[in-house]
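Novice: After the structure tokens below, expect a handful of questions from me.
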Amino acid sequence: MEQIKAIGGCAHPVYLSGSTHSIDAHTGELLSAYSTDHEPGERLALRCRNRRQNVCAPCSWLHAGDTFHLVRSGLVGGKSVPQDVRERPRLFVTLTAPGFGPVHHRAGGQRCRPRRNGQRCEHGRSQGCGLVHTDGDPLIGQPLCADCYDYVGHVLWHAHAGRLWDRFTTGVRRYLATVAGVPRSQLKAHVVVSFAKVAEYQERAAVHFHAVVRLDGPGGPEESPPPWATGQLLVEAVTAAARAANVRVPDSDAYGAELLGFGPQLNARPIRAFGDDQGLMDDAVAAYVAKYVTKGAADTGTGLDRAVTGLDEIRSAVVSGHVRALMGTCWRLGGLPELGALRLRAWAHALGYRGHVLTKSRHYSTTYAALRAQRADHRRGGPEPGDDPDVITEAAWRYVGSGYTAGAALLAAGIAGDLARSRRLYAEAKQDGEVHGSEEMP
């Protein structure tokens, strides 16, 4: 039970067996020693660190917290980032996929797609919907006519979304270089574009991107951008780059030529600086990004968490018909030689999208590894002994298993539930003013 408490009730722990010895490099004196010989089962339990909430809620909660601080430090400073970044031009940008066909959607209490003349598509299905969809309606995100829907374009857009983002960031830099009157290769000597991006599956099973974009000086976060690099210029650069970004798919007899780009819905909002009353708040943006980083395709009902090995698995998957059609399209297109590099069959469970959920530029802020190391040092009461050049660390570890027995799984679920309940009660008490911000969570 103490081991399970130490890993916060992780749902799928990993077990290691071994030892670590710290020795003084000059005298040879043994400074510290640890071995799993006296641990239960002679093994040490470690967190699985899975980011998905539906796989391991305790570890996903930690990952969301790390993401919040990673994004927030790039907005307000801290974690090795200077506080001056609050005064930089910063935007919260949303880039969407184009339309592949009409789908059912929520319309703020209004009818979904009202039509007076009862228009029908070439397959005889109505092109309108007079229903008022509410949260949880299984029709939301489903196409009005599956035969009219461009499943090939949807899958190919997912497969090229990463390249589109790269074209977008290149376009932002190219626009800034043009305004500054300098070659793009020399733009870094004047201004640096920093960003953090998260991918989210919409209800129509199409990925869109939320991103924080910031302008820095040539030294990164430590330097301010030149006076001409304003927030308005960044809005213009983002808008122009999003409109111009495109990728051409190789020609094929199976689908024809495709020129892919972002959808027309573009949102670029300034992020509020300290003392400013315009735009979005720093913490709200960081919390918004952190919320989506723990969700995968399976969490939103738009895919699976594991790869599929054949059409039989796709047919038996517990997903909507729309998602099943997208997965089947991935499998079919994945067999074409000209699309082999896209690895569509390997990523059919994610509907062809193979990018990371969260990416960031090198200069934006800290890293997950640095945040985890700080947390480990805090729990240990000091830095790792191996960080001292006068200390030699000898370690020998091996993997010995993972998961729980049935009884231990019940204990872990109870511990994880208690911790989640404590956090919720603490948040409610703090919101009601019963707990001061300086107090620590129990």
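Please note that chains go A, B, ... in the order of the structure tokens, that every chain numbers its residues from 1, and that ligands are numbered from 1 in the order shown.
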Please list as a list in words every residue within 10 Å of Val172 (chain A), counting only C-alpha atoms and excluding residues in the same chain fewer than 6 positions away.
Specialist: Val193, Leu234, Val235, Glu236, Ala237, Val238, Thr239, Ala240, Ala241, Ala242 and Ala245 of chain A
Novice: Per residue of region 220-252 of chain A within 12 Å of region 334-349 of chain A, what are the shortest atom pair and its distance in Å to one decimal, counting only C-alpha atoms, with rows by chain and residue number, as a tab-separated table?
Specialist:
```
residue	atom	partner	partner_atom	distance
A:Val249	CA	A:Leu339	CA	8.9
A:Pro250	CA	A:Glu338	CA	7.0
A:Asp251	CA	A:Glu338	CA	8.2
A:Ser252	CA	A:Glu338	CA	7.4
```
Novice: What's around Phe168 (chain A) at 12 Å? Count only C-alpha atoms, leave out sequence neighbours fewer than 2 positions away in its own chain, and write the answer as a PyMOL selection string.
Specialist: chain A and resi 93+95+161-166+170-175+193+195+209+211+213+237-247+261-262
Novice: Could you write out the selected residues, including C-alpha atoms, as an mmCIF file, in the first residue's frame?
Specialist:
```cif
data_model
loop_
_atom_site.group_PDB
_atom_site.id
_atom_site.type_symbol
_atom_site.label_atom_id
_atom_site.label_comp_id
_atom_site.auth_asym_id
_atom_site.auth_seq_id
_atom_site.Cartn_x
_atom_site.Cartn_y
_atom_site.Cartn_z
ATOM 1 C CA VAL A 93 -4.182 30.851 -32.481
ATOM 2 C CA LEU A 95 -6.197 26.516 -36.978
ATOM 3 C CA ALA A 161 -1.321 18.073 -40.937
ATOM 4 C CA GLY A 162 2.218 18.070 -39.548
ATOM 5 C CA ARG A 163 3.650 19.335 -42.836
ATOM 6 C CA LEU A 164 0.929 21.981 -43.003
ATOM 7 C CA TRP A 165 1.917 23.243 -39.559
ATOM 8 C CA ASP A 166 5.544 23.398 -40.699
ATOM 9 C CA THR A 170 7.670 28.991 -42.201
ATOM 10 C CA GLY A 171 5.094 31.368 -43.648
ATOM 11 C CA VAL A 172 4.981 33.414 -40.432
ATOM 12 C CA ARG A 173 8.749 33.840 -40.503
ATOM 13 C CA ARG A 174 8.730 34.662 -44.212
ATOM 14 C CA TYR A 175 6.093 37.382 -43.692
ATOM 15 C CA VAL A 193 9.133 33.111 -33.407
ATOM 16 C CA PHE A 195 5.355 28.622 -30.100
ATOM 17 C CA PHE A 209 -4.551 23.033 -33.620
ATOM 18 C CA ALA A 211 -1.176 27.329 -30.430
ATOM 19 C CA VAL A 213 2.735 32.145 -30.667
ATOM 20 C CA ALA A 237 1.719 37.312 -40.262
ATOM 21 C CA VAL A 238 -0.342 34.501 -38.730
ATOM 22 C CA THR A 239 -3.352 35.285 -40.913
ATOM 23 C CA ALA A 240 -1.327 35.437 -44.122
ATOM 24 C CA ALA A 241 0.605 32.258 -43.311
ATOM 25 C CA ALA A 242 -2.555 30.292 -42.482
ATOM 26 C CA ARG A 243 -4.191 31.321 -45.743
ATOM 27 C CA ALA A 244 -1.125 30.491 -47.846
ATOM 28 C CA ALA A 245 -0.042 27.187 -46.263
ATOM 29 C CA ASN A 246 -0.698 24.193 -48.509
ATOM 30 C CA VAL A 247 0.626 20.720 -49.313
ATOM 31 C CA GLY A 261 -4.682 23.613 -46.696
ATOM 32 C CA PHE A 262 -6.201 24.872 -43.463
#
```
Novice: Give me, please, the distance in Å between CA of Ser402 (chain A) and CA of Ser17 (chain A), quoted to one decimal.
Specialist: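 Between CA of Ser402 (chain A) and CA of Ser17 (chain A) the gap works out to 11.8 Å.
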Novice: Can you tell me how far CA of Ser80 (chain A) sits from CA of Lys360 (chain A), in Å to one decimal?
Specialist: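 These two atoms are separated by 15.8 Å.
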Novice: Residues near Gln142 (chain A), anyone? I mean within 10 Å using only C-alpha atoms, not counting same-chain ones fewer than 3 positions away, as a PDB file with all heavy atoms, in the first residue's frame.
Specialist:
```pdb
ATOM      1  N   GLY A 101     -17.534  17.875 -45.849  1.00  0.00           N
ATOM      2  CA  GLY A 101     -18.926  17.532 -46.068  1.00  0.00           C
ATOM      3  C   GLY A 101     -19.750  17.993 -44.878  1.00  0.00           C
ATOM      4  O   GLY A 101     -19.233  18.085 -43.757  1.00  0.00           O
ATOM      5  N   PRO A 102     -21.049  18.319 -45.066  1.00  0.00           N
ATOM      6  CA  PRO A 102     -21.873  18.798 -43.956  1.00  0.00           C
ATOM      7  C   PRO A 102     -22.084  17.725 -42.891  1.00  0.00           C
ATOM      8  O   PRO A 102     -22.318  16.555 -43.215  1.00  0.00           O
ATOM      9  CB  PRO A 102     -23.190  19.191 -44.635  1.00  0.00           C
ATOM     10  CG  PRO A 102     -23.227  18.400 -45.905  1.00  0.00           C
ATOM     11  CD  PRO A 102     -21.805  18.258 -46.340  1.00  0.00           C
ATOM     12  N   VAL A 103     -21.985  18.130 -41.624  1.00  0.00           N
ATOM     13  CA  VAL A 103     -22.193  17.219 -40.493  1.00  0.00           C
ATOM     14  C   VAL A 103     -23.194  17.847 -39.532  1.00  0.00           C
ATOM     15  O   VAL A 103     -23.438  19.048 -39.550  1.00  0.00           O
ATOM     16  CB  VAL A 103     -20.867  16.925 -39.761  1.00  0.00           C
ATOM     17  CG1 VAL A 103     -19.867  16.258 -40.682  1.00  0.00           C
ATOM     18  CG2 VAL A 103     -20.276  18.199 -39.168  1.00  0.00           C
ATOM     19  N   HIS A 104     -23.779  17.004 -38.678  1.00  0.00           N
ATOM     20  CA  HIS A 104     -24.673  17.499 -37.634  1.00  0.00           C
ATOM     21  C   HIS A 104     -23.847  18.247 -36.583  1.00  0.00           C
ATOM     22  O   HIS A 104     -22.736  17.835 -36.237  1.00  0.00           O
ATOM     23  CB  HIS A 104     -25.402  16.338 -36.969  1.00  0.00           C
ATOM     24  CG  HIS A 104     -26.335  15.608 -37.884  1.00  0.00           C
ATOM     25  ND1 HIS A 104     -27.617  16.018 -38.130  1.00  0.00           N
ATOM     26  CD2 HIS A 104     -26.147  14.476 -38.629  1.00  0.00           C
ATOM     27  CE1 HIS A 104     -28.206  15.181 -38.966  1.00  0.00           C
ATOM     28  NE2 HIS A 104     -27.333  14.233 -39.293  1.00  0.00           N
ATOM     29  N   HIS A 105     -24.381  19.357 -36.065  1.00  0.00           N
ATOM     30  CA  HIS A 105     -23.644  20.145 -35.090  1.00  0.00           C
ATOM     31  C   HIS A 105     -24.609  20.853 -34.144  1.00  0.00           C
ATOM     32  O   HIS A 105     -25.805  20.982 -34.432  1.00  0.00           O
ATOM     33  CB  HIS A 105     -22.754  21.183 -35.797  1.00  0.00           C
ATOM     34  CG  HIS A 105     -23.530  22.259 -36.493  1.00  0.00           C
ATOM     35  ND1 HIS A 105     -24.200  22.043 -37.683  1.00  0.00           N
ATOM     36  CD2 HIS A 105     -23.771  23.558 -36.175  1.00  0.00           C
ATOM     37  CE1 HIS A 105     -24.794  23.146 -38.073  1.00  0.00           C
ATOM     38  NE2 HIS A 105     -24.561  24.084 -37.172  1.00  0.00           N
ATOM     39  N   PRO A 138     -25.596  11.493 -30.087  1.00  0.00           N
ATOM     40  CA  PRO A 138     -24.666  10.726 -30.936  1.00  0.00           C
ATOM     41  C   PRO A 138     -24.630  11.189 -32.386  1.00  0.00           C
ATOM     42  O   PRO A 138     -23.708  10.827 -33.120  1.00  0.00           O
ATOM     43  CB  PRO A 138     -25.194   9.286 -30.828  1.00  0.00           C
ATOM     44  CG  PRO A 138     -26.622   9.420 -30.421  1.00  0.00           C
ATOM     45  CD  PRO A 138     -26.689  10.649 -29.575  1.00  0.00           C
ATOM     46  N   LEU A 139     -25.607  11.979 -32.819  1.00  0.00           N
ATOM     47  CA  LEU A 139     -25.600  12.467 -34.188  1.00  0.00           C
ATOM     48  C   LEU A 139     -24.583  13.585 -34.414  1.00  0.00           C
ATOM     49  O   LEU A 139     -24.167  13.822 -35.547  1.00  0.00           O
ATOM     50  CB  LEU A 139     -26.995  12.984 -34.567  1.00  0.00           C
ATOM     51  CG  LEU A 139     -28.039  11.946 -34.999  1.00  0.00           C
ATOM     52  CD1 LEU A 139     -29.371  12.627 -35.264  1.00  0.00           C
ATOM     53  CD2 LEU A 139     -27.567  11.171 -36.217  1.00  0.00           C
ATOM     54  N   CYS A 145     -24.753  12.881 -45.107  1.00  0.00           N
ATOM     55  CA  CYS A 145     -24.737  11.802 -46.100  1.00  0.00           C
ATOM     56  C   CYS A 145     -23.318  11.230 -46.148  1.00  0.00           C
ATOM     57  O   CYS A 145     -22.387  11.915 -46.601  1.00  0.00           O
ATOM     58  CB  CYS A 145     -25.158  12.307 -47.476  1.00  0.00           C
ATOM     59  SG  CYS A 145     -25.073  11.027 -48.759  1.00  0.00           S
ATOM     60  N   ALA A 146     -23.177  10.001 -45.707  1.00  0.00           N
ATOM     61  CA  ALA A 146     -21.845   9.383 -45.679  1.00  0.00           C
ATOM     62  C   ALA A 146     -21.294   9.173 -47.081  1.00  0.00           C
ATOM     63  O   ALA A 146     -20.077   9.192 -47.296  1.00  0.00           O
ATOM     64  CB  ALA A 146     -21.910   8.052 -44.937  1.00  0.00           C
ATOM     65  N   TYR A 149     -19.655  12.400 -48.235  1.00  0.00           N
ATOM     66  CA  TYR A 149     -18.543  12.888 -47.415  1.00  0.00           C
ATOM     67  C   TYR A 149     -17.204  12.527 -48.043  1.00  0.00           C
ATOM     68  O   TYR A 149     -17.009  11.417 -48.553  1.00  0.00           O
ATOM     69  CB  TYR A 149     -18.635  12.304 -46.010  1.00  0.00           C
ATOM     70  CG  TYR A 149     -17.771  13.007 -44.990  1.00  0.00           C
ATOM     71  CD1 TYR A 149     -18.221  14.139 -44.335  1.00  0.00           C
ATOM     72  CD2 TYR A 149     -16.489  12.550 -44.698  1.00  0.00           C
ATOM     73  CE1 TYR A 149     -17.440  14.789 -43.400  1.00  0.00           C
ATOM     74  CE2 TYR A 149     -15.696  13.189 -43.770  1.00  0.00           C
ATOM     75  CZ  TYR A 149     -16.170  14.318 -43.121  1.00  0.00           C
ATOM     76  OH  TYR A 149     -15.382  14.967 -42.206  1.00  0.00           O
ATOM     77  N   GLU A 203     -15.513  17.170 -32.871  1.00  0.00           N
ATOM     78  CA  GLU A 203     -16.573  16.169 -32.854  1.00  0.00           C
ATOM     79  C   GLU A 203     -16.764  15.524 -34.214  1.00  0.00           C
ATOM     80  O   GLU A 203     -17.239  14.392 -34.308  1.00  0.00           O
ATOM     81  CB  GLU A 203     -17.879  16.812 -32.387  1.00  0.00           C
ATOM     82  CG  GLU A 203     -17.845  17.193 -30.915  1.00  0.00           C
ATOM     83  CD  GLU A 203     -19.063  17.994 -30.498  1.00  0.00           C
ATOM     84  OE1 GLU A 203     -19.549  18.793 -31.335  1.00  0.00           O
ATOM     85  OE2 GLU A 203     -19.508  17.844 -29.349  1.00  0.00           O
ATOM     86  N   ARG A 204     -16.383  16.205 -35.287  1.00  0.00           N
ATOM     87  CA  ARG A 204     -16.475  15.605 -36.624  1.00  0.00           C
ATOM     88  C   ARG A 204     -15.276  14.713 -36.921  1.00  0.00           C
ATOM     89  O   ARG A 204     -15.066  14.284 -38.054  1.00  0.00           O
ATOM     90  CB  ARG A 204     -16.595  16.693 -37.684  1.00  0.00           C
ATOM     91  CG  ARG A 204     -15.423  17.665 -37.737  1.00  0.00           C
ATOM     92  CD  ARG A 204     -15.639  18.720 -38.807  1.00  0.00           C
ATOM     93  NE  ARG A 204     -14.589  19.720 -38.810  1.00  0.00           N
ATOM     94  CZ  ARG A 204     -13.952  20.135 -39.897  1.00  0.00           C
ATOM     95  NH1 ARG A 204     -14.264  19.625 -41.062  1.00  0.00           N
ATOM     96  NH2 ARG A 204     -13.024  21.072 -39.811  1.00  0.00           N
ATOM     97  N   ALA A 205     -14.438  14.451 -35.890  1.00  0.00           N
ATOM     98  CA  ALA A 205     -13.269  13.574 -35.994  1.00  0.00           C
ATOM     99  C   ALA A 205     -12.157  14.180 -36.824  1.00  0.00           C
ATOM    100  O   ALA A 205     -11.333  13.462 -37.385  1.00  0.00           O
ATOM    101  CB  ALA A 205     -13.653  12.204 -36.544  1.00  0.00           C
ATOM    102  N   SER A 320     -18.254   5.037 -33.834  1.00  0.00           N
ATOM    103  CA  SER A 320     -19.361   5.396 -34.714  1.00  0.00           C
ATOM    104  C   SER A 320     -19.070   4.938 -36.146  1.00  0.00           C
ATOM    105  O   SER A 320     -17.920   4.651 -36.511  1.00  0.00           O
ATOM    106  CB  SER A 320     -19.591   6.903 -34.686  1.00  0.00           C
ATOM    107  OG  SER A 320     -18.482   7.583 -35.276  1.00  0.00           O
ATOM    108  N   GLY A 321     -20.115   4.892 -36.959  1.00  0.00           N
ATOM    109  CA  GLY A 321     -19.926   4.518 -38.347  1.00  0.00           C
ATOM    110  C   GLY A 321     -19.036   5.493 -39.091  1.00  0.00           C
ATOM    111  O   GLY A 321     -18.285   5.101 -39.994  1.00  0.00           O
ATOM    112  N   HIS A 322     -19.102   6.765 -38.716  1.00  0.00           N
ATOM    113  CA  HIS A 322     -18.258   7.784 -39.344  1.00  0.00           C
ATOM    114  C   HIS A 322     -16.786   7.515 -39.067  1.00  0.00           C
ATOM    115  O   HIS A 322     -15.949   7.541 -39.987  1.00  0.00           O
ATOM    116  CB  HIS A 322     -18.672   9.148 -38.806  1.00  0.00           C
ATOM    117  CG  HIS A 322     -17.849  10.290 -39.299  1.00  0.00           C
ATOM    118  ND1 HIS A 322     -17.628  10.543 -40.631  1.00  0.00           N
ATOM    119  CD2 HIS A 322     -17.169  11.265 -38.607  1.00  0.00           C
ATOM    120  CE1 HIS A 322     -16.868  11.615 -40.765  1.00  0.00           C
ATOM    121  NE2 HIS A 322     -16.574  12.063 -39.553  1.00  0.00           N
ATOM    122  N   VAL A 323     -16.458   7.229 -37.821  1.00  0.00           N
ATOM    123  CA  VAL A 323     -15.063   6.950 -37.461  1.00  0.00           C
ATOM    124  C   VAL A 323     -14.605   5.644 -38.085  1.00  0.00           C
ATOM    125  O   VAL A 323     -13.464   5.522 -38.559  1.00  0.00           O
ATOM    126  CB  VAL A 323     -14.912   6.915 -35.927  1.00  0.00           C
ATOM    127  CG1 VAL A 323     -13.528   6.429 -35.532  1.00  0.00           C
ATOM    128  CG2 VAL A 323     -15.179   8.289 -35.333  1.00  0.00           C
TER     129      VAL A 323
END
```
Novice: Got a sec: who's within 12 Å of region 75-79 of chain A, counting only C-alpha atoms, leaving out chain neighbours fewer than 4 positions off, as a PyMOL selection string?
Specialist: chain A and resi 66+68-71+83-92+194-196+212-216+221-222+270-274+280-286+364-375
Novice: Between CA of Ile314 (chain A) and CA of Lys295 (chain A), measure the distance and give it in Å to one decimal.
Specialist: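 Computed distance, CA of Ile314 (chain A) to CA of Lys295 (chain A), equals 20.9 Å.
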Novice: Counting only C-alpha atoms, figure out which residue out of A:Leu410, A:Leu259, A:Asn267, A:Val192 gets nearest to Gly9 (chain A).
Specialist: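 Using only C-alpha atoms, the shortest distance to Gly9 (chain A) belongs to A:Leu410.
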Novice: Using only C-alpha atoms, which of the listed residues (A:Pro218, A:Arg421, A:Thr134, A:Leu46) sits closest to Gln186 (chain A)?
Specialist: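 So, comparing all the options, the nearest one is A:Pro218.
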Novice: How would you write, as JSON, numbers by chain, the set of residues in region 154-341 of chain A that DSSP gives as helix (DSSP H, G or I)?
Specialist: {"A": [154, 155, 156, 157, 158, 159, 161, 162, 163, 164, 165, 166, 167, 168, 169, 170, 171, 172, 173, 174, 175, 176, 177, 178, 179, 180, 184, 185, 186, 187, 188, 189, 231, 232, 233, 234, 235, 236, 237, 238, 239, 240, 241, 242, 243, 244, 282, 283, 284, 285, 286, 287, 288, 289, 290, 291, 292, 293, 311, 312, 313, 314, 315, 316, 321, 322, 323, 324, 325, 326, 327, 328, 329, 330, 331, 332, 333, 334, 337, 338, 339, 340, 341]}
